[in-house]
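Data first, discussion second: the structure below is written as structure tokens.
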Amino acid sequence: MTETTTRRTSPADVLARDTAPTAHLAGAGTRHRVLSGMQPSADSLHLGNYLGALVNWVKVQDDFDAYFFIPDLHAITVPQDPESMVRRTRVAAAQYIAAGIDPERSTLFVQSQVPEHAQLAWVLMCMTGMGEAQRMTQFKDKAAKQGAEAAGVGLFAYPMLMAADILLYQPHGVPVGDDQRQHVELTRDLAQRFNARYGETFVVPEGFYPVNGARVYDLQNPLAKMSKSAASPNGLVNILDAPKVIAKRIKSAVTDDGTEVRFDREAKPGVSNLLSIYAAVTERSVAELEEAYVGRMYGHLKVDLAEAVVERLAPIRERALELMDDPAELDRLLARGAAKAREVASPVLADVYAKVGFLPPAR
Ligand code: TRP
């Protein structure tokens, strides 16, 4: 089913090629596109979202025509409170911008403001097998959490909506976390299936996965990924936390037996997590940091790390809060983003509708 190709994992690899095999579909002479999004399911992004995804998105803007969006349609696949939805959608946008997504250079928008996403999703759902959708591990996990019978059909449809999000923009790359790999593979399968059935339409996109994983683990349980749904908030660092809170969380992170500051995921998961966070926020290498802490204690590492993280996050927090102070301006910005997104998405959807055999749009 899935065509085996060499996986290119970095944007630079793709750029290194003269032309993508499907470049003609994205329009000659245009920069390669990328697209990604993160669900607005908490009041703040956390350090794992920031280092694992957002930092990468910010970099990718230099070389790609980038589309970033807030998948609010995906968010309601599990129950959400309407007021929180509104707040979280805006706060997500504010954090993207504060972290360096430039709405002038990239297209930043909210999914529900571009109706083409839901429209294409329907067509793709009609081309997906029940068995195929049932094999999605994220669906199985989330459905199990809701209780199999209580899980909504939306949760089941989630991957096909995600495929629609992607395919509407003809991106070459989709920078996402490893956990989204199966969804990107399904997207590729659906693109190929559609192309085979109706003629060349979609660019078959590639996942851009973090290479050595700026993966951030819970500060209290360094065997689990940092996650908003963690048992205790003490293991989390949120972008919008006050500097004092951030420092406290880092200083009370669990460490391991022994005293040596050394990277070893197996024997020292706590210290290793702190080291990789430190490396990521300061853009230094882990080896260099190990060297710097020879003969020093965990406590020193924590104090320095707390300072480094606060220094990195404080300006982002301030800028995000400033943007949140003017929701009308933020909404205007997002409306402009949605209009830009529709310029790309709407002809693609029109092409799909015509190929499937729908009558021309009623005018
Ligand atoms: N599923 C992604 C997540 O869990 C969010 C998402 C929805 C997405 N649609 C997408 C990511 C399209 C990349 C491309 O965060």
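Quick note on naming: the chains in the structure tokens go A, B, ... in the order shown, residues restart at 1 in each chain, and ligands are numbered from 1 in order of appearance.
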Query raised in the report: as a PyMOL selection string, which residues of segment 22-243 of chain A does DSSP assign to strand (DSSP E or B)?
Result: chain A and resi 33-37+46+65-70+107-110+173-175+206-208+217+225+238
**Report entry** Given 8 Å and only C-alpha atoms and all ligand atoms, residues near ligand 1 as a list in words
**Finding:** Leu35, Ser36, Gly37, Met38, Gln39, Ile70, Pro71, His74, Tyr158, Pro159, Leu161, Met162, Ala163, Ala164, Asp165, Ile166, Val174, Pro175, Val176, Asp179, Gln180, His183 and Val184 of chain A
Every residue of segment 198-269 of chain A that DSSP places in alpha helix (DSSP H), as a PDB file with N, CA, C and O atoms, in the first residue's frame:
ATOM      1  N   TYR A 198      -8.344   9.279  -9.860  1.00  0.00           N
ATOM      2  CA  TYR A 198      -8.912  10.438 -10.565  1.00  0.00           C
ATOM      3  C   TYR A 198      -7.895  11.215 -11.395  1.00  0.00           C
ATOM      4  O   TYR A 198      -8.230  12.241 -11.974  1.00  0.00           O
ATOM      5  N   PRO A 243       8.039  33.312  35.369  1.00  0.00           N
ATOM      6  CA  PRO A 243       9.428  32.864  35.533  1.00  0.00           C
ATOM      7  C   PRO A 243       9.671  32.154  36.862  1.00  0.00           C
ATOM      8  O   PRO A 243      10.382  31.143  36.909  1.00  0.00           O
ATOM      9  N   LYS A 244       9.065  32.645  37.926  1.00  0.00           N
ATOM     10  CA  LYS A 244       9.265  32.015  39.242  1.00  0.00           C
ATOM     11  C   LYS A 244       8.792  30.562  39.250  1.00  0.00           C
ATOM     12  O   LYS A 244       9.418  29.689  39.836  1.00  0.00           O
ATOM     13  N   VAL A 245       7.645  30.351  38.602  1.00  0.00           N
ATOM     14  CA  VAL A 245       7.080  28.995  38.546  1.00  0.00           C
ATOM     15  C   VAL A 245       7.992  28.079  37.733  1.00  0.00           C
ATOM     16  O   VAL A 245       8.280  26.944  38.139  1.00  0.00           O
ATOM     17  N   ILE A 246       8.458  28.593  36.619  1.00  0.00           N
ATOM     18  CA  ILE A 246       9.336  27.798  35.761  1.00  0.00           C
ATOM     19  C   ILE A 246      10.600  27.389  36.525  1.00  0.00           C
ATOM     20  O   ILE A 246      10.982  26.218  36.539  1.00  0.00           O
ATOM     21  N   ALA A 247      11.192  28.364  37.198  1.00  0.00           N
ATOM     22  CA  ALA A 247      12.426  28.081  37.942  1.00  0.00           C
ATOM     23  C   ALA A 247      12.177  27.031  39.014  1.00  0.00           C
ATOM     24  O   ALA A 247      12.960  26.099  39.202  1.00  0.00           O
ATOM     25  N   LYS A 248      11.048  27.162  39.683  1.00  0.00           N
ATOM     26  CA  LYS A 248      10.740  26.221  40.754  1.00  0.00           C
ATOM     27  C   LYS A 248      10.550  24.798  40.219  1.00  0.00           C
ATOM     28  O   LYS A 248      11.051  23.831  40.788  1.00  0.00           O
ATOM     29  N   ARG A 249       9.840  24.690  39.109  1.00  0.00           N
ATOM     30  CA  ARG A 249       9.605  23.361  38.524  1.00  0.00           C
ATOM     31  C   ARG A 249      10.918  22.697  38.128  1.00  0.00           C
ATOM     32  O   ARG A 249      11.109  21.498  38.332  1.00  0.00           O
ATOM     33  N   ILE A 250      11.800  23.484  37.563  1.00  0.00           N
ATOM     34  CA  ILE A 250      13.071  22.895  37.128  1.00  0.00           C
ATOM     35  C   ILE A 250      13.921  22.513  38.332  1.00  0.00           C
ATOM     36  O   ILE A 250      14.498  21.439  38.384  1.00  0.00           O
ATOM     37  N   LYS A 251      13.915  23.387  39.335  1.00  0.00           N
ATOM     38  CA  LYS A 251      14.743  23.076  40.503  1.00  0.00           C
ATOM     39  C   LYS A 251      14.215  21.877  41.275  1.00  0.00           C
ATOM     40  O   LYS A 251      14.963  21.209  41.979  1.00  0.00           O
ATOM     41  N   PRO A 269      17.719   8.867  33.526  1.00  0.00           N
ATOM     42  CA  PRO A 269      16.724   9.538  32.676  1.00  0.00           C
ATOM     43  C   PRO A 269      16.442  10.979  33.110  1.00  0.00           C
ATOM     44  O   PRO A 269      16.209  11.840  32.269  1.00  0.00           O
TER      45      PRO A 269
END
Report task. Please provide as a PyMOL selection string all residues within 7 Å of Leu47 of chain A, with the sequence filter that same-chain residues fewer than 3 positions apart are discarded (counting only C-alpha atoms). Result -> chain A and resi 50-51+237-239
Report task. Excluding segment 116-127 of chain A and residues on its chain fewer than 4 positions from it, collect all residues at most 10 Å away from it, counting only C-alpha atoms, and give them as a ChimeraX atom specification. Result -> /A:71,73,111-112,133,156-168,187,190-191,193-194,341-342,345-350,352-353,356
Report task. Could you give me, as a PyMOL selection string, the residues within 9 Å of Asp218 of chain A, counting only C-alpha atoms and dropping anything in the same chain fewer than 6 positions from it? Result -> chain A and resi 48+224-227+230+234-237+253+270+273
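Each of A:Ala320, A:Leu333, A:Ala42, A:Ala66 was compared to Pro171 of chain A using only C-alpha atoms, and A:Ala66 turns out to be the nearest.
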